[in-house]
Amino acid sequence: MLVAILALSLGIITTIDVFGDRNTHFETVKFIQYLDENTALEEVRNGNLDMYYDRISPDKLENTHSRKGLQVFDSTGGSYSILVNPAKTEKFNPFSEREARFALNYLIDRKLIVNELMGGFGAPMISHYGPSDPEHLTIIEQIEEFNFRYNPALAEEMISNAIKAKGAIKNGDQWTYNDTPIEITIFIRNDDPVRKSIGEILSSELQRIGFKVKKEFGDLNKAFVIVYGSDPAELKWHLYTEGWGKSAFVKYDSVGLGQMYSPWFSNMPGFNDPTYWNYENKYIDSLTQRIYTGDFESSEEREKLIQEAVTEGVNESVRVFLASKIDQYVVNEKISGVVNDFGSGVKSRFTPINAKSDKHELVIGVKQIYQGAWNPVMGFSDTYSMYIWGIISDPITFKHPFTGETFPVRSDWKVETAGPHNKLKVPSEAKIWNPSNQQWESVAAETQSMSKVTFDLKFSNWHNGQMMDMNDVLYSLYFTTEWGSQLNENDKTFDAEFTPRAEQTIQTIKGINIIDKNTIEVYVDYWHFDDGEIADWAALWSTMPWEITAAKEQAVIDGKVSFSRSGATGKNINWISLIIPRDAKIIQEYLEEFRERKYIPKSLEKFEGDLEYYKSRYDSSFKWIQDNNHAVISNGPFFLKSYSPESRTITVESFDDETYPFALGHWSEFKNVKFPKIVAANIPNMINKNSDLNLDIETRDSDVVLYFLSNNEGKITSTETIKVNADKVRIKVSNQLTEEGVNDLKIFAMSEKVLKPDFYSTSFFVVKGEQSLPQVNQDEVKFDKHEIGEIVWILGTVTITIAIIFAIKKIKLIKTSHNP
């Protein structure tokens, strides 16, 4: 985690295999842009594409005929949300009022979004954790207490009360402020049919209430300018239809709540740009910073922090979550070895590495070929670039695609901890970077840390032929420390987005001690009840050669480019992207300057390396840029061969280097996995008051079933974990159905081997006396093998919803990125 800020992709490994002639089954992987899903679907079916890295609408895969020639993979992990602009400005903004923002939760029909717009392939969600996230089990009571249901009359009343109190007046059917109609601008993503429809529906609801609505349509590139790249106080937007994807499946989420709710993470309106109006919330900042930095003493205390943060995030409603997605991805039937990660789905970094066929080239269709920027500091913020970068770079750690546990990739480790109540002594020979004195210094006497992790690093050649070494690791730590501290307002090593995140990290670093050329001890004030999380936090690594980072750093200091989107917008300079020839040329010029003046960075002066070493480093990266017309140099199983904006393609080639540690087929263990599943359930049409509830559940590959029963006020009245016996469970609830009205029952089938539960939800009426509902044929619901998601029957006034998910412990979200 210490270096995760510089290396945004993560990976998994166990041991080093014997070297093979090639490390991947395919010589090349070509990514080609296909905007139209119908065209992409046919191209995959015909074999011109091997797979498509975007969802296919469920109605196009309804039956056996439509699936001919295809493998169809269901994937959870993505979500939809509305980002709300809460800026208080001279021009009246209705959503500067918390009550008006909160009212959106009643104005948006989440079930309509899931059932109609998403074809049932998803589930309503009201917080960052949807039902497919195991952390959902941690917050289920808090979520149930909100008891949100579509209620436009209530939403209108809440909004009206909030803006009336601020002086707004409704003249006829139109809301005005100072005799001017109140106009709301909604930025609607029109490159996604679901988000386009969400925007249109929301526009209609707001117009019905009495607002003038302006609809601004665009894709992510345009959103980067209007939404994420503008001062919220300018009110260029009020609402934005967001979409999210995950890079990996994780067991303990330390990042997500900070990213989605907290100003310190630089992902809330204002984005910590000091020249902008910025949303502030010190309370949620403190909660999520404690989760992020491991400032808790038990799993129970961590859960309480999560519950409080989620409650505050929902109450504030600056980001309003709508639905979790169950996307369907298509792969040609001749392709094998696909790894369907619980977080990223078939787009897992392991799929291109592990996939195989009788061809030499794997061809992958993508919705967009280039959005955002390619730099591992504050770039790779969109799913398009992140999934490609994931096979070009090797991380030091990754998360198991089905358990979410941390595995070492480019290191073995040993964890020692005295936390949370005691400390270890940091040896006097340990070093720490001092930004004020611009040098490495010995730690102060009697320095202590909660934990110590010893890493035995697995170096290999960079793509430019130079060997990785400890200098690459040291420079990454220097960079995080230097750019994670702002000494004064004129500090040039400051980035509005990066610095606040890095600051939380460096506060825990107590020192490093280099043992030999491959081994380093890292001392951190960080504790977790899982040793893997401690190792992940302390991990030091770099996914780019130090000289490339040094050249980028100098270019930013000189004001030619910016690491972050907001910095680029504010200074009217480029958001540095190493895949773009113009920016690569800037890097090349600095490398040439470094070579000519025999430059040695201050952060490396006291470490190994003579002048010939530095010259060789500069020459190799200079020549790489000259030969390839880009500056993307990393250490993964593929290297970037070319990017062609004209043909909208990116091509990577297998890095067949003898120093690369992982042989062909190393990740084949991830191909096959058995998921827990609810196969059938008896569903009563209604329940009489004060009667017992008996529900028979049939499961597959499940160890236990956990259920929650809540009344019409959202209060949980009964919960129990029941062991599965011969794939069957009977839920018995006695003396709990004492109140008439709607009751909700949520059931999770769970496995100890796969940390993602299958989820079943039903709403039923408790009635007094002998009453009946309209009779239907679905007395017993069975799930077809292709049906995953939310399947809805309307039984008069009874809605029965079924959704599929998977887990048994808590699971962590690595990095969430902007979805196509």
# chains A, B, ... in the order shown; residues from 1 in each chain; ligands from 1
$ residues_around --residues "Tyr643 (chain A)" --least-positions-apart "4" --cutoff "9 Å" --atoms "only C-alpha atoms" --output "MDAnalysis selection string"
chainID A and resid 579:580 630 647:651
$ residues_around --residues "region 427-429 of chain A" --least-positions-apart "5" --cutoff "7 Å" --atoms "only C-alpha atoms" --output "ChimeraX atom specification"
/A:442-443,445,513
$ residues_around --residues "Asn151 (chain A)" --least-positions-apart "2" --cutoff "12 Å" --atoms "only C-alpha atoms" --output "list in words"
Ala103, Leu104, Asn105, Tyr106, Leu107, Ile108, Asp109, Arg110, Asn147, Phe148, Arg149, Ala153, Leu154, Ala155, Glu156, Glu157, Met158 and Glu205 of chain A
$ residues_around --residues "Asn38 (chain A)" --least-positions-apart "6" --cutoff "12 Å" --atoms "only C-alpha atoms" --output "PyMOL selection string"
chain A and resi 44-45+52+54-61+66+330+365+367
$ residues_around --residues "Leu257 (chain A)" --least-positions-apart "5" --cutoff "12 Å" --atoms "only C-alpha atoms" --output "PyMOL selection string"
chain A and resi 127-129+135+252+262-265+267-268+284-292+305-314+319+812-816
$ select_by_dssp --residues "region 590-732 of chain A" --states "strand (DSSP E)" --output "NGL selection string"
:A and (638-644 or 649-654 or 677-682 or 687-688 or 693-700 or 704-710 or 716-723 or 728-732)
$ write_last_selection --atoms "N, CA and C atoms" --output "compact mmCIF listing (two decimals), in the first residue's frame"
# COMPACT_ATOMS: atom_id res chain seq x y z
N PHE A 638 3.65 -8.59 -20.49
CA PHE A 638 3.52 -7.97 -21.80
C PHE A 638 4.15 -6.58 -21.77
N PHE A 639 4.61 -6.10 -22.93
CA PHE A 639 5.06 -4.72 -23.02
C PHE A 639 4.25 -4.00 -24.09
N LEU A 640 4.13 -2.69 -23.94
CA LEU A 640 3.36 -1.89 -24.89
C LEU A 640 4.13 -1.77 -26.19
N LYS A 641 3.55 -2.31 -27.26
CA LYS A 641 4.19 -2.24 -28.57
C LYS A 641 3.79 -0.97 -29.30
N SER A 642 2.48 -0.67 -29.34
CA SER A 642 2.06 0.51 -30.11
C SER A 642 0.68 0.97 -29.69
N TYR A 643 0.46 2.25 -29.92
CA TYR A 643 -0.87 2.85 -29.78
C TYR A 643 -1.15 3.65 -31.04
N SER A 644 -2.26 3.31 -31.70
CA SER A 644 -2.63 3.98 -32.95
C SER A 644 -3.98 4.66 -32.78
N THR A 649 -6.42 1.37 -31.88
CA THR A 649 -5.91 0.10 -31.38
C THR A 649 -4.71 0.32 -30.46
N ILE A 650 -4.58 -0.56 -29.51
CA ILE A 650 -3.39 -0.67 -28.68
C ILE A 650 -2.92 -2.11 -28.74
N THR A 651 -1.63 -2.31 -29.02
CA THR A 651 -1.08 -3.65 -29.15
C THR A 651 0.02 -3.85 -28.11
N VAL A 652 -0.06 -4.98 -27.41
CA VAL A 652 1.00 -5.36 -26.48
C VAL A 652 1.59 -6.69 -26.94
N GLU A 653 2.88 -6.88 -26.66
CA GLU A 653 3.57 -8.11 -27.04
C GLU A 653 4.09 -8.83 -25.81
N SER A 654 4.20 -10.15 -25.93
CA SER A 654 4.72 -10.95 -24.83
C SER A 654 6.17 -10.58 -24.55
N LYS A 677 -24.57 -21.22 -4.50
CA LYS A 677 -25.74 -20.80 -5.27
C LYS A 677 -27.02 -21.26 -4.60
N ILE A 678 -28.01 -20.38 -4.62
CA ILE A 678 -29.36 -20.73 -4.19
C ILE A 678 -30.07 -21.28 -5.42
N VAL A 679 -30.45 -22.55 -5.35
CA VAL A 679 -31.03 -23.22 -6.51
C VAL A 679 -32.55 -23.09 -6.53
N ALA A 680 -33.19 -23.19 -5.36
CA ALA A 680 -34.65 -23.12 -5.31
C ALA A 680 -35.08 -22.64 -3.93
N ALA A 681 -36.30 -22.08 -3.90
CA ALA A 681 -36.86 -21.61 -2.63
C ALA A 681 -38.37 -21.66 -2.69
N ASN A 682 -38.99 -22.17 -1.61
CA ASN A 682 -40.45 -22.10 -1.49
C ASN A 682 -40.84 -20.68 -1.12
N ILE A 687 -48.33 -14.28 4.52
CA ILE A 687 -48.14 -14.84 5.85
C ILE A 687 -49.17 -14.21 6.78
N ASN A 688 -49.84 -15.04 7.55
CA ASN A 688 -50.78 -14.51 8.54
C ASN A 688 -50.03 -14.00 9.77
N LEU A 693 -42.99 -18.71 10.14
CA LEU A 693 -42.49 -18.69 8.77
C LEU A 693 -41.57 -19.89 8.57
N ASN A 694 -41.89 -20.75 7.62
CA ASN A 694 -41.05 -21.89 7.28
C ASN A 694 -40.68 -21.79 5.80
N LEU A 695 -39.41 -21.66 5.54
CA LEU A 695 -38.95 -21.45 4.17
C LEU A 695 -37.88 -22.47 3.84
N ASP A 696 -38.14 -23.32 2.87
CA ASP A 696 -37.18 -24.34 2.45
C ASP A 696 -36.27 -23.78 1.36
N ILE A 697 -34.97 -23.91 1.55
CA ILE A 697 -33.98 -23.40 0.61
C ILE A 697 -33.13 -24.56 0.11
N GLU A 698 -32.97 -24.63 -1.19
CA GLU A 698 -32.07 -25.61 -1.79
C GLU A 698 -30.85 -24.88 -2.34
N THR A 699 -29.65 -25.35 -1.99
CA THR A 699 -28.42 -24.66 -2.38
C THR A 699 -27.48 -25.62 -3.12
N ARG A 700 -26.39 -25.05 -3.62
CA ARG A 700 -25.33 -25.85 -4.23
C ARG A 700 -23.99 -25.22 -3.88
N VAL A 704 -23.04 -22.60 4.57
CA VAL A 704 -24.02 -22.07 5.52
C VAL A 704 -24.96 -21.12 4.81
N VAL A 705 -26.11 -20.88 5.45
CA VAL A 705 -27.07 -19.88 5.00
C VAL A 705 -27.28 -18.88 6.13
N LEU A 706 -27.21 -17.61 5.80
CA LEU A 706 -27.45 -16.54 6.76
C LEU A 706 -28.66 -15.76 6.28
N TYR A 707 -29.61 -15.48 7.20
CA TYR A 707 -30.78 -14.71 6.79
C TYR A 707 -31.00 -13.52 7.72
N PHE A 708 -31.67 -12.50 7.19
CA PHE A 708 -32.10 -11.32 7.95
C PHE A 708 -33.58 -11.08 7.65
N LEU A 709 -34.40 -10.99 8.68
CA LEU A 709 -35.81 -10.66 8.53
C LEU A 709 -36.03 -9.27 9.13
N SER A 710 -36.62 -8.37 8.37
CA SER A 710 -36.87 -7.01 8.87
C SER A 710 -38.33 -6.64 8.66
N ILE A 716 -34.42 -5.00 11.84
CA ILE A 716 -34.19 -6.44 11.76
C ILE A 716 -34.79 -7.11 13.00
N THR A 717 -35.70 -8.05 12.76
CA THR A 717 -36.40 -8.72 13.86
C THR A 717 -35.88 -10.12 14.12
N SER A 718 -35.18 -10.70 13.13
CA SER A 718 -34.65 -12.05 13.33
C SER A 718 -33.49 -12.28 12.37
N THR A 719 -32.45 -12.95 12.86
CA THR A 719 -31.30 -13.31 12.01
C THR A 719 -30.66 -14.57 12.57
N GLU A 720 -30.14 -15.41 11.69
CA GLU A 720 -29.53 -16.66 12.13
C GLU A 720 -28.65 -17.21 11.02
N THR A 721 -27.55 -17.85 11.41
CA THR A 721 -26.70 -18.58 10.48
C THR A 721 -26.97 -20.07 10.64
N ILE A 722 -27.31 -20.76 9.54
CA ILE A 722 -27.72 -22.15 9.58
C ILE A 722 -26.80 -22.98 8.69
N LYS A 723 -26.32 -24.09 9.21
CA LYS A 723 -25.45 -24.96 8.45
C LYS A 723 -26.25 -25.72 7.38
N LYS A 728 -29.51 -28.63 1.55
CA LYS A 728 -30.83 -28.12 1.93
C LYS A 728 -30.78 -27.43 3.30
N VAL A 729 -31.66 -26.43 3.44
CA VAL A 729 -31.79 -25.68 4.69
C VAL A 729 -33.26 -25.34 4.87
N ARG A 730 -33.76 -25.40 6.09
CA ARG A 730 -35.10 -24.89 6.39
C ARG A 730 -34.94 -23.72 7.37
N ILE A 731 -35.44 -22.57 6.96
CA ILE A 731 -35.47 -21.39 7.82
C ILE A 731 -36.78 -21.41 8.60
N LYS A 732 -36.67 -21.36 9.93
CA LYS A 732 -37.85 -21.35 10.79
C LYS A 732 -37.83 -20.07 11.63
$ atom_distance --atom1 "CA of Thr383 (chain A)" --atom2 "CA of Ser247 (chain A)"
7.7 Å
$ select_by_dssp --residues "region 593-687 of chain A" --states "alpha helix (DSSP H)" --output "number ranges by chain"
A: 593-596, 611-628
$ write_last_selection --atoms "N, CA, C and O atoms" --output "PDB file, in the first residue's frame"
ATOM      1  N   GLU A 593      19.009  15.430 -20.896  1.00  0.00           N
ATOM      2  CA  GLU A 593      19.621  16.442 -20.025  1.00  0.00           C
ATOM      3  C   GLU A 593      20.299  15.788 -18.824  1.00  0.00           C
ATOM      4  O   GLU A 593      21.426  16.154 -18.444  1.00  0.00           O
ATOM      5  N   PHE A 594      19.631  14.804 -18.205  1.00  0.00           N
ATOM      6  CA  PHE A 594      20.215  14.095 -17.068  1.00  0.00           C
ATOM      7  C   PHE A 594      21.545  13.444 -17.466  1.00  0.00           C
ATOM      8  O   PHE A 594      22.531  13.499 -16.720  1.00  0.00           O
ATOM      9  N   ARG A 595      21.547  12.825 -18.634  1.00  0.00           N
ATOM     10  CA  ARG A 595      22.755  12.124 -19.093  1.00  0.00           C
ATOM     11  C   ARG A 595      23.899  13.102 -19.330  1.00  0.00           C
ATOM     12  O   ARG A 595      25.038  12.856 -18.924  1.00  0.00           O
ATOM     13  N   GLU A 596      23.595  14.216 -19.961  1.00  0.00           N
ATOM     14  CA  GLU A 596      24.638  15.177 -20.319  1.00  0.00           C
ATOM     15  C   GLU A 596      25.271  15.816 -19.088  1.00  0.00           C
ATOM     16  O   GLU A 596      26.472  16.057 -19.056  1.00  0.00           O
ATOM     17  N   LEU A 611      28.801   6.280 -12.129  1.00  0.00           N
ATOM     18  CA  LEU A 611      28.355   7.116 -13.233  1.00  0.00           C
ATOM     19  C   LEU A 611      27.947   6.292 -14.443  1.00  0.00           C
ATOM     20  O   LEU A 611      27.008   6.650 -15.163  1.00  0.00           O
ATOM     21  N   GLU A 612      28.619   5.178 -14.661  1.00  0.00           N
ATOM     22  CA  GLU A 612      28.270   4.331 -15.796  1.00  0.00           C
ATOM     23  C   GLU A 612      26.883   3.722 -15.619  1.00  0.00           C
ATOM     24  O   GLU A 612      26.122   3.561 -16.577  1.00  0.00           O
ATOM     25  N   TYR A 613      26.561   3.394 -14.378  1.00  0.00           N
ATOM     26  CA  TYR A 613      25.222   2.865 -14.081  1.00  0.00           C
ATOM     27  C   TYR A 613      24.151   3.876 -14.460  1.00  0.00           C
ATOM     28  O   TYR A 613      23.164   3.526 -15.118  1.00  0.00           O
ATOM     29  N   TYR A 614      24.328   5.130 -14.046  1.00  0.00           N
ATOM     30  CA  TYR A 614      23.326   6.168 -14.329  1.00  0.00           C
ATOM     31  C   TYR A 614      23.245   6.447 -15.826  1.00  0.00           C
ATOM     32  O   TYR A 614      22.151   6.615 -16.380  1.00  0.00           O
ATOM     33  N   LYS A 615      24.385   6.476 -16.483  1.00  0.00           N
ATOM     34  CA  LYS A 615      24.396   6.701 -17.932  1.00  0.00           C
ATOM     35  C   LYS A 615      23.655   5.587 -18.651  1.00  0.00           C
ATOM     36  O   LYS A 615      22.859   5.827 -19.578  1.00  0.00           O
ATOM     37  N   SER A 616      23.875   4.348 -18.215  1.00  0.00           N
ATOM     38  CA  SER A 616      23.208   3.209 -18.839  1.00  0.00           C
ATOM     39  C   SER A 616      21.692   3.299 -18.655  1.00  0.00           C
ATOM     40  O   SER A 616      20.922   3.001 -19.585  1.00  0.00           O
ATOM     41  N   ARG A 617      21.264   3.702 -17.476  1.00  0.00           N
ATOM     42  CA  ARG A 617      19.829   3.860 -17.209  1.00  0.00           C
ATOM     43  C   ARG A 617      19.221   4.914 -18.132  1.00  0.00           C
ATOM     44  O   ARG A 617      18.184   4.688 -18.766  1.00  0.00           O
ATOM     45  N   TYR A 618      19.843   6.076 -18.201  1.00  0.00           N
ATOM     46  CA  TYR A 618      19.317   7.156 -19.050  1.00  0.00           C
ATOM     47  C   TYR A 618      19.312   6.754 -20.522  1.00  0.00           C
ATOM     48  O   TYR A 618      18.338   7.007 -21.240  1.00  0.00           O
ATOM     49  N   ASP A 619      20.403   6.107 -20.963  1.00  0.00           N
ATOM     50  CA  ASP A 619      20.504   5.720 -22.376  1.00  0.00           C
ATOM     51  C   ASP A 619      19.426   4.712 -22.771  1.00  0.00           C
ATOM     52  O   ASP A 619      18.817   4.828 -23.841  1.00  0.00           O
ATOM     53  N   SER A 620      19.189   3.736 -21.905  1.00  0.00           N
ATOM     54  CA  SER A 620      18.235   2.677 -22.237  1.00  0.00           C
ATOM     55  C   SER A 620      16.818   3.223 -22.361  1.00  0.00           C
ATOM     56  O   SER A 620      16.080   2.880 -23.293  1.00  0.00           O
ATOM     57  N   SER A 621      16.420   4.069 -21.409  1.00  0.00           N
ATOM     58  CA  SER A 621      15.069   4.631 -21.471  1.00  0.00           C
ATOM     59  C   SER A 621      14.940   5.637 -22.606  1.00  0.00           C
ATOM     60  O   SER A 621      13.887   5.723 -23.258  1.00  0.00           O
ATOM     61  N   PHE A 622      16.011   6.392 -22.866  1.00  0.00           N
ATOM     62  CA  PHE A 622      16.010   7.327 -24.003  1.00  0.00           C
ATOM     63  C   PHE A 622      15.793   6.567 -25.307  1.00  0.00           C
ATOM     64  O   PHE A 622      14.961   6.953 -26.143  1.00  0.00           O
ATOM     65  N   LYS A 623      16.548   5.479 -25.480  1.00  0.00           N
ATOM     66  CA  LYS A 623      16.432   4.695 -26.715  1.00  0.00           C
ATOM     67  C   LYS A 623      15.063   4.024 -26.828  1.00  0.00           C
ATOM     68  O   LYS A 623      14.502   3.918 -27.929  1.00  0.00           O
ATOM     69  N   TRP A 624      14.514   3.587 -25.703  1.00  0.00           N
ATOM     70  CA  TRP A 624      13.169   2.991 -25.729  1.00  0.00           C
ATOM     71  C   TRP A 624      12.159   3.973 -26.307  1.00  0.00           C
ATOM     72  O   TRP A 624      11.351   3.619 -27.169  1.00  0.00           O
ATOM     73  N   ILE A 625      12.182   5.189 -25.813  1.00  0.00           N
ATOM     74  CA  ILE A 625      11.251   6.210 -26.307  1.00  0.00           C
ATOM     75  C   ILE A 625      11.497   6.500 -27.779  1.00  0.00           C
ATOM     76  O   ILE A 625      10.557   6.647 -28.565  1.00  0.00           O
ATOM     77  N   GLN A 626      12.750   6.559 -28.151  1.00  0.00           N
ATOM     78  CA  GLN A 626      13.104   6.819 -29.547  1.00  0.00           C
ATOM     79  C   GLN A 626      12.589   5.713 -30.464  1.00  0.00           C
ATOM     80  O   GLN A 626      12.061   5.980 -31.554  1.00  0.00           O
ATOM     81  N   ASP A 627      12.682   4.464 -30.034  1.00  0.00           N
ATOM     82  CA  ASP A 627      12.287   3.323 -30.866  1.00  0.00           C
ATOM     83  C   ASP A 627      10.781   3.076 -30.857  1.00  0.00           C
ATOM     84  O   ASP A 627      10.221   2.610 -31.862  1.00  0.00           O
ATOM     85  N   ASN A 628      10.111   3.391 -29.723  1.00  0.00           N
ATOM     86  CA  ASN A 628       8.703   3.014 -29.572  1.00  0.00           C
ATOM     87  C   ASN A 628       7.728   4.177 -29.594  1.00  0.00           C
ATOM     88  O   ASN A 628       6.518   3.970 -29.633  1.00  0.00           O
TER      89      ASN A 628
END
$ residues_around --residues "region 179-187 of chain A" --least-positions-apart "4" --cutoff "10 Å" --atoms "only C-alpha atoms" --output "ChimeraX atom specification"
/A:82-84,91-95,168-171,174-175,196,199-200,202-203,206-207,210-219,222-223,226-227,235-242
$ closest_residue --among "A:Glu446, A:Glu416, A:Glu592, A:Glu489" --to "Val522 (chain A)" --atoms "only C-alpha atoms"
A:Glu416
$ closest_residue --among "A:Tyr150, A:Phe455, A:Tyr475, A:Phe529" --to "Glu605 (chain A)" --atoms "only C-alpha atoms"
A:Tyr475
